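*Asks:* mmCIF, C-alpha atoms and all ligand atoms, saved as my_file-v9.cif, coming up:
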data_my_file
loop_
_atom_site.group_PDB
_atom_site.id
_atom_site.type_symbol
_atom_site.label_atom_id
_atom_site.label_comp_id
_atom_site.auth_asym_id
_atom_site.auth_seq_id
_atom_site.Cartn_x
_atom_site.Cartn_y
_atom_site.Cartn_z
ATOM 1 C CA MET E 1361 31.085 -46.796 72.341
ATOM 2 C CA GLU E 1362 33.105 -44.649 74.713
ATOM 3 C CA THR E 1363 32.918 -40.899 74.437
ATOM 4 C CA GLN E 1364 35.505 -39.255 72.246
ATOM 5 C CA PRO E 1365 37.115 -35.828 72.507
ATOM 6 C CA GLN E 1366 34.944 -33.374 70.704
ATOM 7 C CA GLY E 1367 37.249 -30.437 70.128
ATOM 8 C CA ASN E 1368 37.481 -27.179 71.988
ATOM 9 C CA GLU E 1369 34.118 -25.514 72.397
ATOM 10 C CA ASP E 1370 35.438 -21.979 73.009
ATOM 11 C CA GLN E 1371 37.196 -21.768 69.646
ATOM 12 C CA ALA E 1372 34.388 -23.463 67.796
ATOM 13 C CA ILE E 1373 32.813 -21.655 64.878
ATOM 14 C CA LEU E 1374 30.579 -24.691 64.449
ATOM 15 C CA ALA E 1375 29.316 -26.715 67.383
ATOM 16 C CA LEU E 1376 27.346 -29.859 66.661
ATOM 17 C CA GLU E 1377 25.492 -31.475 69.487
ATOM 18 C CA LYS E 1378 23.827 -34.851 69.296
ATOM 19 C CA VAL E 1379 23.074 -34.552 65.618
ATOM 20 C CA ASN E 1380 20.958 -37.409 64.318
ATOM 21 C CA LEU E 1381 19.915 -37.537 60.698
ATOM 22 C CA HIS E 1382 17.539 -39.910 58.962
ATOM 23 C CA TYR E 1383 16.792 -40.243 55.271
ATOM 24 C CA GLY E 1384 13.402 -41.925 55.471
ATOM 25 C CA ASP E 1385 13.905 -44.816 57.875
ATOM 26 C CA LYS E 1386 17.651 -44.903 57.312
ATOM 27 C CA HIS E 1387 19.608 -43.591 60.302
ATOM 28 C CA VAL E 1388 22.583 -41.963 58.596
ATOM 29 C CA LEU E 1389 24.183 -39.792 61.300
ATOM 30 C CA GLN E 1390 24.194 -41.074 64.844
ATOM 31 C CA ASN E 1391 24.525 -38.713 67.766
ATOM 32 C CA VAL E 1392 27.355 -36.676 66.288
ATOM 33 C CA THR E 1393 28.829 -34.164 68.719
ATOM 34 C CA MET E 1394 31.827 -32.177 67.544
ATOM 35 C CA ASN E 1395 33.285 -28.685 67.646
ATOM 36 C CA ILE E 1396 34.968 -27.268 64.575
ATOM 37 C CA ALA E 1397 37.612 -24.637 65.232
ATOM 38 C CA ALA E 1398 37.668 -21.326 63.384
ATOM 39 C CA HIS E 1399 40.566 -20.629 60.990
ATOM 40 C CA SER E 1400 41.496 -24.248 60.750
ATOM 41 C CA ILE E 1401 41.156 -27.071 58.280
ATOM 42 C CA THR E 1402 39.097 -29.983 59.524
ATOM 43 C CA ALA E 1403 39.157 -33.201 57.507
ATOM 44 C CA LEU E 1404 36.265 -35.661 57.528
ATOM 45 C CA ILE E 1405 37.371 -39.170 56.643
ATOM 46 C CA GLY E 1406 35.854 -42.644 56.630
ATOM 47 C CA PRO E 1407 34.689 -45.383 54.288
ATOM 48 C CA SER E 1408 32.189 -44.763 51.521
ATOM 49 C CA GLY E 1409 28.652 -44.353 52.829
ATOM 50 C CA CYS E 1410 29.657 -43.463 56.405
ATOM 51 C CA GLY E 1411 27.930 -40.073 56.199
ATOM 52 C CA LYS E 1412 30.702 -37.578 55.425
ATOM 53 C CA SER E 1413 28.840 -35.744 52.660
ATOM 54 C CA THR E 1414 25.650 -35.862 54.695
ATOM 55 C CA LEU E 1415 27.420 -34.237 57.626
ATOM 56 C CA LEU E 1416 28.916 -31.577 55.379
ATOM 57 C CA ARG E 1417 25.479 -30.836 53.943
ATOM 58 C CA CYS E 1418 24.086 -30.419 57.464
ATOM 59 C CA LEU E 1419 26.388 -27.452 57.926
ATOM 60 C CA ASN E 1420 24.690 -25.278 55.319
ATOM 61 C CA ARG E 1421 21.298 -26.943 55.202
ATOM 62 C CA MET E 1422 21.841 -28.621 51.850
ATOM 63 C CA ASN E 1423 20.029 -31.690 53.171
ATOM 64 C CA ASP E 1424 16.858 -29.575 53.024
ATOM 65 C CA LEU E 1425 16.920 -30.387 49.321
ATOM 66 C CA ILE E 1426 16.511 -34.108 50.088
ATOM 67 C CA GLU E 1427 12.829 -34.630 50.778
ATOM 68 C CA THR E 1428 13.110 -37.549 53.175
ATOM 69 C CA THR E 1429 15.538 -35.775 55.530
ATOM 70 C CA ARG E 1430 14.761 -35.631 59.224
ATOM 71 C CA ILE E 1431 17.334 -34.007 61.464
ATOM 72 C CA GLU E 1432 17.536 -33.728 65.236
ATOM 73 C CA GLY E 1433 20.061 -32.078 67.495
ATOM 74 C CA SER E 1434 21.739 -28.719 67.424
ATOM 75 C CA ILE E 1435 24.285 -27.103 65.125
ATOM 76 C CA LYS E 1436 25.407 -23.722 66.393
ATOM 77 C CA TYR E 1437 27.231 -21.354 64.106
ATOM 78 C CA ALA E 1438 29.394 -18.635 65.687
ATOM 79 C CA HIS E 1439 28.035 -19.547 69.136
ATOM 80 C CA SER E 1440 24.649 -18.023 68.494
ATOM 81 C CA ILE E 1441 22.951 -19.025 65.259
ATOM 82 C CA GLU E 1442 21.063 -22.313 65.292
ATOM 83 C CA ILE E 1443 21.539 -23.727 61.808
ATOM 84 C CA ASN E 1444 18.625 -26.107 62.222
ATOM 85 C CA ASP E 1445 16.215 -23.265 63.081
ATOM 86 C CA LYS E 1446 13.471 -23.547 60.481
ATOM 87 C CA HIS E 1447 13.046 -19.757 60.387
ATOM 88 C CA LEU E 1448 16.682 -19.187 59.442
ATOM 89 C CA ASP E 1449 17.386 -17.381 56.159
ATOM 90 C CA VAL E 1450 18.960 -20.315 54.321
ATOM 91 C CA THR E 1451 20.216 -18.234 51.381
ATOM 92 C CA GLU E 1452 22.137 -15.985 53.740
ATOM 93 C CA LEU E 1453 23.445 -19.028 55.617
ATOM 94 C CA ARG E 1454 24.756 -20.526 52.379
ATOM 95 C CA ARG E 1455 26.521 -17.280 51.581
ATOM 96 C CA LYS E 1456 28.257 -17.439 54.962
ATOM 97 C CA ILE E 1457 28.915 -21.159 54.643
ATOM 98 C CA GLY E 1458 29.807 -21.867 51.018
ATOM 99 C CA MET E 1459 30.371 -25.185 49.325
ATOM 100 C CA VAL E 1460 32.731 -26.624 46.723
ATOM 101 C CA PHE E 1461 31.806 -29.955 45.182
ATOM 102 C CA GLN E 1462 33.661 -33.019 43.983
ATOM 103 C CA LYS E 1463 33.068 -32.350 40.340
ATOM 104 C CA PRO E 1464 33.939 -28.790 39.332
ATOM 105 C CA ASN E 1465 30.588 -27.243 38.383
ATOM 106 C CA PRO E 1466 31.081 -23.852 36.771
ATOM 107 C CA PHE E 1467 27.873 -22.224 35.546
ATOM 108 C CA PRO E 1468 27.395 -22.266 31.750
ATOM 109 C CA LYS E 1469 28.344 -18.602 31.686
ATOM 110 C CA SER E 1470 31.491 -16.589 31.114
ATOM 111 C CA ILE E 1471 34.402 -16.828 33.538
ATOM 112 C CA TYR E 1472 33.599 -13.270 34.644
ATOM 113 C CA GLU E 1473 29.926 -14.022 35.185
ATOM 114 C CA ASN E 1474 30.677 -17.159 37.161
ATOM 115 C CA ILE E 1475 32.038 -14.913 39.870
ATOM 116 C CA ALA E 1476 30.087 -11.703 39.350
ATOM 117 C CA TYR E 1477 26.767 -13.520 39.515
ATOM 118 C CA GLY E 1478 27.009 -14.406 43.208
ATOM 119 C CA ILE E 1479 28.263 -10.954 44.160
ATOM 120 C CA ARG E 1480 25.295 -9.317 42.403
ATOM 121 C CA ILE E 1481 22.822 -11.546 44.207
ATOM 122 C CA VAL E 1482 24.117 -10.340 47.547
ATOM 123 C CA GLY E 1483 23.579 -6.679 46.703
ATOM 124 C CA ARG E 1484 23.949 -3.895 44.160
ATOM 125 C CA THR E 1485 27.598 -3.386 43.317
ATOM 126 C CA PRO E 1486 28.921 -0.704 40.937
ATOM 127 C CA LYS E 1487 30.593 -2.127 37.813
ATOM 128 C CA SER E 1488 34.087 -0.943 38.768
ATOM 129 C CA GLU E 1489 33.831 -2.539 42.202
ATOM 130 C CA LEU E 1490 32.444 -5.697 40.658
ATOM 131 C CA ASP E 1491 35.432 -5.870 38.285
ATOM 132 C CA ASP E 1492 37.789 -5.440 41.221
ATOM 133 C CA ARG E 1493 36.128 -8.147 43.238
ATOM 134 C CA VAL E 1494 36.135 -10.596 40.335
ATOM 135 C CA GLU E 1495 39.827 -9.908 39.772
ATOM 136 C CA ASP E 1496 40.569 -10.193 43.468
ATOM 137 C CA ALA E 1497 38.799 -13.561 43.777
ATOM 138 C CA LEU E 1498 40.629 -14.902 40.715
ATOM 139 C CA LYS E 1499 43.952 -13.714 42.118
ATOM 140 C CA LYS E 1500 43.276 -15.398 45.444
ATOM 141 C CA VAL E 1501 42.935 -18.762 43.723
ATOM 142 C CA GLY E 1502 45.924 -18.153 41.453
ATOM 143 C CA LEU E 1503 43.808 -18.129 38.312
ATOM 144 C CA TRP E 1504 44.037 -14.484 37.285
ATOM 145 C CA LYS E 1505 47.175 -14.821 35.153
ATOM 146 C CA GLU E 1506 45.693 -17.759 33.312
ATOM 147 C CA VAL E 1507 42.319 -16.189 32.522
ATOM 148 C CA SER E 1508 42.655 -12.388 32.624
ATOM 149 C CA ASP E 1509 42.588 -12.139 28.818
ATOM 150 C CA ARG E 1510 39.684 -14.530 28.391
ATOM 151 C CA MET E 1511 37.116 -13.332 30.887
ATOM 152 C CA LYS E 1512 34.349 -13.635 28.294
ATOM 153 C CA ASP E 1513 35.094 -17.286 27.548
ATOM 154 C CA SER E 1514 32.819 -19.872 29.057
ATOM 155 C CA GLY E 1515 33.715 -21.205 32.506
ATOM 156 C CA MET E 1516 32.964 -24.614 31.060
ATOM 157 C CA ALA E 1517 35.961 -24.305 28.709
ATOM 158 C CA LEU E 1518 38.474 -24.441 31.568
ATOM 159 C CA SER E 1519 40.497 -27.509 32.515
ATOM 160 C CA GLY E 1520 39.321 -29.505 35.535
ATOM 161 C CA GLY E 1521 41.843 -27.935 37.885
ATOM 162 C CA GLN E 1522 41.140 -24.433 36.585
ATOM 163 C CA ALA E 1523 37.391 -25.006 36.812
ATOM 164 C CA GLN E 1524 37.719 -26.130 40.431
ATOM 165 C CA ARG E 1525 39.735 -23.014 41.237
ATOM 166 C CA LEU E 1526 37.031 -20.957 39.514
ATOM 167 C CA CYS E 1527 34.448 -22.625 41.757
ATOM 168 C CA ILE E 1528 36.519 -21.799 44.826
ATOM 169 C CA ALA E 1529 36.877 -18.211 43.574
ATOM 170 C CA ARG E 1530 33.111 -18.062 43.098
ATOM 171 C CA THR E 1531 32.640 -19.215 46.682
ATOM 172 C CA ILE E 1532 35.081 -16.772 48.257
ATOM 173 C CA ALA E 1533 33.836 -13.822 46.164
ATOM 174 C CA THR E 1534 30.736 -13.574 48.334
ATOM 175 C CA LYS E 1535 32.893 -13.375 51.472
ATOM 176 C CA PRO E 1536 31.893 -16.476 53.366
ATOM 177 C CA ASP E 1537 33.148 -17.449 56.828
ATOM 178 C CA ILE E 1538 33.329 -21.137 56.179
ATOM 179 C CA ILE E 1539 34.089 -23.159 53.066
ATOM 180 C CA LEU E 1540 32.858 -26.729 52.826
ATOM 181 C CA MET E 1541 34.675 -28.927 50.338
ATOM 182 C CA ASP E 1542 33.434 -32.368 49.370
ATOM 183 C CA GLU E 1543 36.335 -34.307 47.833
ATOM 184 C CA PRO E 1544 37.400 -31.215 45.875
ATOM 185 C CA THR E 1545 40.400 -32.851 44.221
ATOM 186 C CA SER E 1546 39.201 -36.375 43.536
ATOM 187 C CA ALA E 1547 38.512 -35.555 39.890
ATOM 188 C CA LEU E 1548 41.836 -33.757 39.385
ATOM 189 C CA ASP E 1549 45.349 -34.697 38.292
ATOM 190 C CA PRO E 1550 48.238 -34.569 40.822
ATOM 191 C CA MET E 1551 49.426 -31.099 39.743
ATOM 192 C CA SER E 1552 45.996 -29.530 40.060
ATOM 193 C CA THR E 1553 45.522 -31.374 43.333
ATOM 194 C CA ALA E 1554 48.731 -29.868 44.697
ATOM 195 C CA THR E 1555 47.585 -26.397 43.600
ATOM 196 C CA ILE E 1556 44.228 -26.780 45.338
ATOM 197 C CA GLU E 1557 45.915 -28.116 48.480
ATOM 198 C CA GLU E 1558 48.252 -25.104 48.609
ATOM 199 C CA LEU E 1559 45.313 -22.808 48.032
ATOM 200 C CA THR E 1560 43.333 -24.472 50.806
ATOM 201 C CA LEU E 1561 46.222 -23.950 53.215
ATOM 202 C CA GLU E 1562 46.256 -20.258 52.294
ATOM 203 C CA LEU E 1563 42.507 -19.992 52.720
ATOM 204 C CA LYS E 1564 42.592 -20.890 56.374
ATOM 205 C CA GLU E 1565 44.070 -17.504 57.231
ATOM 206 C CA ASN E 1566 40.767 -15.936 56.375
ATOM 207 C CA TYR E 1567 38.312 -18.783 56.397
ATOM 208 C CA THR E 1568 37.437 -21.981 58.164
ATOM 209 C CA VAL E 1569 37.618 -25.022 55.921
ATOM 210 C CA VAL E 1570 35.865 -28.357 56.379
ATOM 211 C CA ILE E 1571 37.001 -30.873 53.795
ATOM 212 C CA VAL E 1572 35.879 -34.409 52.997
ATOM 213 C CA THR E 1573 38.615 -36.545 51.524
ATOM 214 C CA HIS E 1574 39.357 -40.164 50.697
ATOM 215 C CA ASN E 1575 42.986 -39.308 50.310
ATOM 216 C CA MET E 1576 44.754 -39.991 53.601
ATOM 217 C CA GLN E 1577 47.922 -38.216 52.485
ATOM 218 C CA GLN E 1578 45.837 -35.178 51.696
ATOM 219 C CA ALA E 1579 44.192 -35.178 55.124
ATOM 220 C CA ALA E 1580 47.605 -35.597 56.750
ATOM 221 C CA ARG E 1581 49.179 -32.853 54.616
ATOM 222 C CA ILE E 1582 46.668 -30.093 55.002
ATOM 223 C CA SER E 1583 44.305 -30.583 57.920
ATOM 224 C CA ASP E 1584 44.696 -29.467 61.522
ATOM 225 C CA ALA E 1585 42.097 -31.837 62.903
ATOM 226 C CA THR E 1586 40.691 -35.062 61.523
ATOM 227 C CA ALA E 1587 37.376 -36.716 62.256
ATOM 228 C CA PHE E 1588 36.944 -40.386 61.433
ATOM 229 C CA PHE E 1589 33.416 -41.627 60.794
ATOM 230 C CA TYR E 1590 32.170 -45.163 60.531
ATOM 231 C CA LEU E 1591 28.559 -46.101 59.785
ATOM 232 C CA GLY E 1592 27.306 -42.646 60.725
ATOM 233 C CA GLU E 1593 29.158 -42.443 64.011
ATOM 234 C CA LEU E 1594 32.040 -40.170 64.896
ATOM 235 C CA ILE E 1595 34.601 -42.713 66.020
ATOM 236 C CA GLU E 1596 37.620 -40.533 66.638
ATOM 237 C CA TYR E 1597 38.315 -36.819 66.403
ATOM 238 C CA ASN E 1598 41.762 -35.501 67.153
ATOM 239 C CA PRO E 1599 44.537 -33.197 65.971
ATOM 240 C CA THR E 1600 45.672 -34.608 62.622
ATOM 241 C CA LYS E 1601 49.257 -35.201 63.736
ATOM 242 C CA LEU E 1602 48.088 -37.329 66.624
ATOM 243 C CA MET E 1603 45.500 -39.156 64.579
ATOM 244 C CA PHE E 1604 48.004 -40.198 61.924
ATOM 245 C CA THR E 1605 50.774 -41.164 64.322
ATOM 246 C CA ARG E 1606 48.928 -42.548 67.330
ATOM 247 C CA PRO E 1607 45.289 -43.283 66.527
ATOM 248 C CA GLU E 1608 43.347 -44.100 69.674
ATOM 249 C CA GLN E 1609 40.916 -46.514 68.131
ATOM 250 C CA LYS E 1610 41.702 -49.754 66.350
ATOM 251 C CA ARG E 1611 39.162 -48.967 63.640
ATOM 252 C CA THR E 1612 40.781 -45.608 62.929
ATOM 253 C CA GLU E 1613 44.157 -47.258 62.620
ATOM 254 C CA ASP E 1614 42.813 -49.950 60.308
ATOM 255 C CA TYR E 1615 41.209 -47.329 58.103
ATOM 256 C CA ILE E 1616 44.103 -44.906 57.832
ATOM 257 C CA THR E 1617 46.577 -47.686 57.187
ATOM 258 C CA GLY E 1618 44.361 -48.961 54.400
ATOM 259 C CA ARG E 1619 43.283 -52.221 56.012
ATOM 260 C CA PHE E 1620 39.671 -51.502 55.082
ATOM 261 C CA GLY E 1621 37.504 -48.846 53.426
HETATM 262 N N1 LIG E 1701 19.563 -38.565 48.931
HETATM 263 C C1 LIG E 1701 19.660 -39.654 49.695
HETATM 264 N N2 LIG E 1701 18.561 -40.405 49.973
HETATM 265 C C2 LIG E 1701 18.660 -41.513 50.722
HETATM 266 N N3 LIG E 1701 19.804 -41.971 51.263
HETATM 267 C C3 LIG E 1701 20.922 -41.282 51.013
HETATM 268 C C4 LIG E 1701 20.918 -40.078 50.229
HETATM 269 N N4 LIG E 1701 22.180 -39.619 50.144
HETATM 270 C C5 LIG E 1701 22.935 -40.470 50.861
HETATM 271 N N5 LIG E 1701 22.183 -41.472 51.377
HETATM 272 C C6 LIG E 1701 22.657 -42.572 52.221
HETATM 273 O O1 LIG E 1701 23.210 -42.025 53.395
HETATM 274 C C7 LIG E 1701 24.402 -42.703 53.777
HETATM 275 C C8 LIG E 1701 25.546 -41.721 53.881
HETATM 276 O O2 LIG E 1701 25.808 -41.208 52.575
HETATM 277 P P1 LIG E 1701 26.895 -40.098 52.310
HETATM 278 O O3 LIG E 1701 26.752 -39.688 50.903
HETATM 279 O O4 LIG E 1701 26.799 -39.043 53.355
HETATM 280 O O5 LIG E 1701 28.239 -40.930 52.546
HETATM 281 P P2 LIG E 1701 29.760 -40.526 52.265
HETATM 282 O O6 LIG E 1701 30.508 -40.842 53.515
HETATM 283 O O7 LIG E 1701 29.840 -39.147 51.749
HETATM 284 O O8 LIG E 1701 30.186 -41.563 51.145
HETATM 285 P P3 LIG E 1701 31.205 -41.395 49.896
HETATM 286 O O9 LIG E 1701 32.574 -41.490 50.484
HETATM 287 O O10 LIG E 1701 30.887 -42.570 49.023
HETATM 288 O O11 LIG E 1701 30.930 -40.084 49.238
HETATM 289 C C9 LIG E 1701 24.617 -43.802 52.742
HETATM 290 O O12 LIG E 1701 24.114 -44.991 53.255
HETATM 291 C C10 LIG E 1701 23.800 -43.341 51.560
HETATM 292 O O13 LIG E 1701 23.325 -44.429 50.828
HETATM 293 MG MG MG E 1702 30.404 -38.325 49.919
#
In structure tokens, how does this file's structure come out?
*Replies:*
Amino acid sequence: METQPQGNEDQAILALEKVNLHYGDKHVLQNVTMNIAAHSITALIGPSGCGKSTLLRCLNRMNDLIETTRIEGSIKYAHSIEINDKHLDVTELRRKIGMVFQKPNPFPKSIYENIAYGIRIVGRTPKSELDDRVEDALKKVGLWKEVSDRMKDSGMALSGGQAQRLCIARTIATKPDIILMDEPTSALDPMSTATIEELTLELKENYTVVIVTHNMQQAARISDATAFFYLGELIEYNPTKLMFTRPEQKRTEDYITGRFG
């Protein structure tokens, strides 16, 4: 396999170098080297099982929760912090690098508490400030108007699209740098999907977003750069416009045109 462009290192908020990951004796990520630019949306695409979610989980050490994980290589955050350092404060890392999952997973608590909870964990916050921050987070995801009069209702009572926006609000309330999204719209209807896509585009002003998607139109619509993975290898990584108009690799072209995957 020839070497592929790996993105600009100077602008990188995340720099992966020769990342290899095994689950037991299964080699799931193979020598992945890539730089992820700050204040951009990077899409990870590729057929099921190629390692997209695994790669995403590497970025905030969620693979630690999988017992058989063995990881090698370096992942630098903001040029200085080695994410794979075993002495790193993982809770703090996950506050800086938050995650939104495929299935909206609000806590079984009130809408208010879903957001206030994370803010309280980070530090003591006076009630009035807490209220402001909850409101602010809900406004940022366009949910405030819909829920301002039902803050005490359960987060579980929201529709799928609302619940996913609540989860995004919960993530941004603790002021992360980076938001990881693993197929955040695959369980949502087209309207909710469009809302989340618009929101994601707005988020990149203040955050860096890395998003896994199976939806090629979605990757093309919202991402700045796209990385195509196949069997744990990074096959092609390029600006999205280029990738979707002139893919360099045959396998990328076959995948994005729907010939396999
Ligand atoms: N907890 C685990 N234990 C062992 N193997 C795992 C575990 N999670 C994932 N794998 C394996 O690692 C490989 C990559 O899985 P991963 O979930 O990262 O793929 P993916 O690209 O996100 O796929 P999908 O598009 O279906 O979500 C697969 O072969 C999968 O079976
Ligand atoms: Mg996955």
*Asks:* Of the candidates E:Ser1413, E:Gln1371, E:Thr1402, E:Ser1583, which one gets nearest to ligand MG 1702 (chain E) if we count all atoms listed in the file?
*Replies:*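 With all atoms listed in the file as the atom set, the closest residue is E:Ser1413.
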*Asks:* Could you list, as a PyMOL selection string, every residue within 6 Å of Val1570 (chain E), counting only C-alpha atoms and ignoring same-chain residues fewer than 3 positions away?
*Replies:* chain E and resi 1401-1403+1540
*Asks:* Using C-alpha atoms, can you write the selected residues to a file as a compact mmCIF listing (two decimals), keeping the file's coordinate frame?
*Replies:*
# COMPACT_ATOMS: atom_id res chain seq x y z
CA ILE E 1401 41.16 -27.07 58.28
CA THR E 1402 39.10 -29.98 59.52
CA ALA E 1403 39.16 -33.20 57.51
CA LEU E 1540 32.86 -26.73 52.83
*Asks:* Specify as a CSV table (one decimal) with C-alpha atoms, in the coordinates of the input each residue included when the PyMOL selection byres (((not hetatm)) within 6 of (chain E and resi 1701)) is applied to this file.
*Replies:*
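Okay, this is what ended up in part30.csv:
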chain,number,residue,atom,x,y,z
E,1383,TYR,CA,16.8,-40.2,55.3
E,1388,VAL,CA,22.6,-42.0,58.6
E,1407,PRO,CA,34.7,-45.4,54.3
E,1408,SER,CA,32.2,-44.8,51.5
E,1409,GLY,CA,28.7,-44.4,52.8
E,1410,CYS,CA,29.7,-43.5,56.4
E,1411,GLY,CA,27.9,-40.1,56.2
E,1412,LYS,CA,30.7,-37.6,55.4
E,1413,SER,CA,28.8,-35.7,52.7
E,1414,THR,CA,25.6,-35.9,54.7
E,1426,ILE,CA,16.5,-34.1,50.1
*Asks:* Could you give me, as a PyMOL selection string, the residues within 6 Å of region 1493-1508 of chain E, counting all atoms listed in the file and dropping anything in the same chain fewer than 4 positions from it?
*Replies:* chain E and resi 1475+1525+1529+1533
*Asks:* Report as a PyMOL selection string the residues that result from applying the PyMOL selection byres (((chain E and resi 1608-1613) around 10) and not hetatm) to the structure here.
*Replies:* chain E and resi 1364+1405-1406+1587-1590+1595-1598+1602-1607+1614-1620
*Asks:* Run through the PyMOL selection byres (((chain E and resi 1554) around 12) and not hetatm) on the given coordinates and return the selected residues as a list in words.
*Replies:*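 Applying the PyMOL selection byres (((chain E and resi 1554) around 12) and not hetatm) to the structure shown produces Gly1521, Arg1525, Pro1544, Thr1545, Ser1546, Leu1548, Asp1549, Pro1550, Met1551, Ser1552, Thr1553, Thr1555, Ile1556, Glu1557, Glu1558, Leu1559, Thr1560, Leu1561, Gln1577, Gln1578, Arg1581 and Ile1582 of chain E.
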*Asks:* Could you check which of E:Thr1428, E:Thr1573, E:Thr1531, E:Asn1391 is closest to ligand MG 1702 (chain E), using only C-alpha atoms and all ligand atoms?
*Replies:* E:Thr1573
*Asks:* Counting all atoms listed in the file, what is within 10 Å of Leu1419 (chain E), bar same-chain residues fewer than 3 positions away, as an NGL selection string?
*Replies:* :E and (1374-1376 or 1414-1416 or 1422-1423 or 1435-1437 or 1443-1444 or 1453-1454 or 1457-1459 or 1538 or 1540 or 1570)
*Asks:* Using all atoms listed in the file, collect all residues at a distance of at most 9 Å from (31.4, -16.1, 33.3) as written in the file, then present them as a list in words.
*Replies:*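 Output: Pro1466, Phe1467, Pro1468, Lys1469, Ser1470, Ile1471, Tyr1472, Glu1473, Asn1474, Ile1475, Ala1476, Tyr1477, Met1511, Lys1512, Asp1513, Ser1514, Gly1515 and Met1516 of chain E.
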*Asks:* Between CA of Val1572 (chain E) and CA of Leu1404 (chain E), what is the spacing in Å?
*Replies:*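 Taking CA of Leu1404 (chain E) as the start and CA of Val1572 (chain E) as the end point, the length is 4.7 Å.
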*Asks:* Go ahead and compute the interatomic distance for CA of Lys1378 (chain E) and CA of Thr1586 (chain E), in Å to one decimal.
*Replies:*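 According to the coordinates, CA of Lys1378 (chain E) and CA of Thr1586 (chain E) are separated by 18.6 Å.
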*Asks:* What is the distance, in Å and to one decimal place, between CA of Gly1433 (chain E) and CA of Pro1536 (chain E)?
*Replies:*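 That distance, rounded to one decimal, is 24.1 Å.
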*Asks:* Using all atoms listed in the file, which residue out of E:Thr1485, E:Gln1524, E:Ser1519, E:Gln1462 lies closest to ligand MG 1702 (chain E)?
*Replies:*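 For ligand MG 1702 (chain E), the nearest of the given residues is E:Gln1462.
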*Asks:* May I have the residues within 10 Å of Gln1390 (chain E) as a short mmCIF file (atom, residue, chain, number, x, y, z; two decimals) with C-alpha atoms, in the coordinates of the input, using all atoms listed in the file and disregarding those fewer than 4 positions away in the same chain?
*Replies:*
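part37.cif, written as the output of this step:
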data_model
loop_
_atom_site.label_atom_id
_atom_site.label_comp_id
_atom_site.auth_asym_id
_atom_site.auth_seq_id
_atom_site.Cartn_x
_atom_site.Cartn_y
_atom_site.Cartn_z
CA LYS E 1378 23.83 -34.85 69.30
CA VAL E 1379 23.07 -34.55 65.62
CA ASN E 1380 20.96 -37.41 64.32
CA LEU E 1381 19.92 -37.54 60.70
CA HIS E 1382 17.54 -39.91 58.96
CA GLY E 1411 27.93 -40.07 56.20
CA GLU E 1432 17.54 -33.73 65.24
CA TYR E 1590 32.17 -45.16 60.53
CA LEU E 1591 28.56 -46.10 59.78
CA GLY E 1592 27.31 -42.65 60.72
CA GLU E 1593 29.16 -42.44 64.01
CA LEU E 1594 32.04 -40.17 64.90
#
*Asks:* Taking all atoms listed in the file into account, name the residue in E:Asp1445, E:Glu1427, E:Asp1491, E:Asp1584 that is nearest to Ala1398 (chain E).
*Replies:*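 Comparing E:Asp1445, E:Glu1427, E:Asp1491, E:Asp1584 against Ala1398 (chain E), the winner is E:Asp1584.
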*Asks:* Pick from E:Arg1455, E:Arg1417, E:Arg1480, E:Lys1535: nearest to ligand MG 1702 (chain E), with all atoms listed in the file counted?
*Replies:*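 Result for the nearest residue to ligand MG 1702 (chain E): E:Arg1417.
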*Asks:* Using all atoms listed in the file, can you tell me which of E:Phe1461, E:Glu1565, E:Thr1600, E:Leu1518 comes closest to ligand MG 1702 (chain E)?
*Replies:*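 Closest to ligand MG 1702 (chain E), using all atoms listed in the file: E:Phe1461.
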*Asks:* Counting all atoms listed in the file, what is within 8 Å of Thr1568 (chain E), bar same-chain residues fewer than 4 positions away, as a list in words?
*Replies:* Ala1397, Ala1398, His1399, Ser1400, Ile1401, Asp1537, Ile1538, Ile1539, Leu1563 and Lys1564 of chain E
*Asks:* Store the residues picked out above in a file with C-alpha atoms, as a PDB file, in the coordinates of the input.
*Replies:*
ATOM      1  CA  ALA E1397      37.612 -24.637  65.232  1.00  0.00           C
ATOM      2  CA  ALA E1398      37.668 -21.326  63.384  1.00  0.00           C
ATOM      3  CA  HIS E1399      40.566 -20.629  60.990  1.00  0.00           C
ATOM      4  CA  SER E1400      41.496 -24.248  60.750  1.00  0.00           C
ATOM      5  CA  ILE E1401      41.156 -27.071  58.280  1.00  0.00           C
ATOM      6  CA  ASP E1537      33.148 -17.449  56.828  1.00  0.00           C
ATOM      7  CA  ILE E1538      33.329 -21.137  56.179  1.00  0.00           C
ATOM      8  CA  ILE E1539      34.089 -23.159  53.066  1.00  0.00           C
ATOM      9  CA  LEU E1563      42.507 -19.992  52.720  1.00  0.00           C
ATOM     10  CA  LYS E1564      42.592 -20.890  56.374  1.00  0.00           C
TER      11      LYS E1564
END
*Asks:* Taking all atoms of region 1535-1543 of chain E that the file lists, what box with edges along x, y and z, padded by 8 Å per side, do you get, with centre and edge lengths in Å to one decimal, as lines of an AutoDock Vina configuration file?
*Replies:*
center_x = 34.1
center_y = -23.8
center_z = 52.3
size_x = 20.4
size_y = 36.9
size_z = 25.0
*Asks:* Please extract region 1577-1588 of chain E and write it out with C-alpha atoms, as a PDB file, in the first residue's frame.
*Replies:*
ATOM      1  CA  GLN E1577     -24.435  12.360   1.216  1.00  0.00           C
ATOM      2  CA  GLN E1578     -24.017  13.371   4.822  1.00  0.00           C
ATOM      3  CA  ALA E1579     -20.226  13.135   4.647  1.00  0.00           C
ATOM      4  CA  ALA E1580     -20.261  15.131   1.410  1.00  0.00           C
ATOM      5  CA  ARG E1581     -22.646  17.755   2.820  1.00  0.00           C
ATOM      6  CA  ILE E1582     -21.007  18.546   6.101  1.00  0.00           C
ATOM      7  CA  SER E1583     -17.404  17.401   6.318  1.00  0.00           C
ATOM      8  CA  ASP E1584     -14.245  19.262   5.355  1.00  0.00           C
ATOM      9  CA  ALA E1585     -12.068  16.178   5.170  1.00  0.00           C
ATOM     10  CA  THR E1586     -12.955  12.535   4.692  1.00  0.00           C
ATOM     11  CA  ALA E1587     -11.000   9.463   5.690  1.00  0.00           C
ATOM     12  CA  PHE E1588     -11.838   6.154   4.052  1.00  0.00           C
TER      13      PHE E1588
END
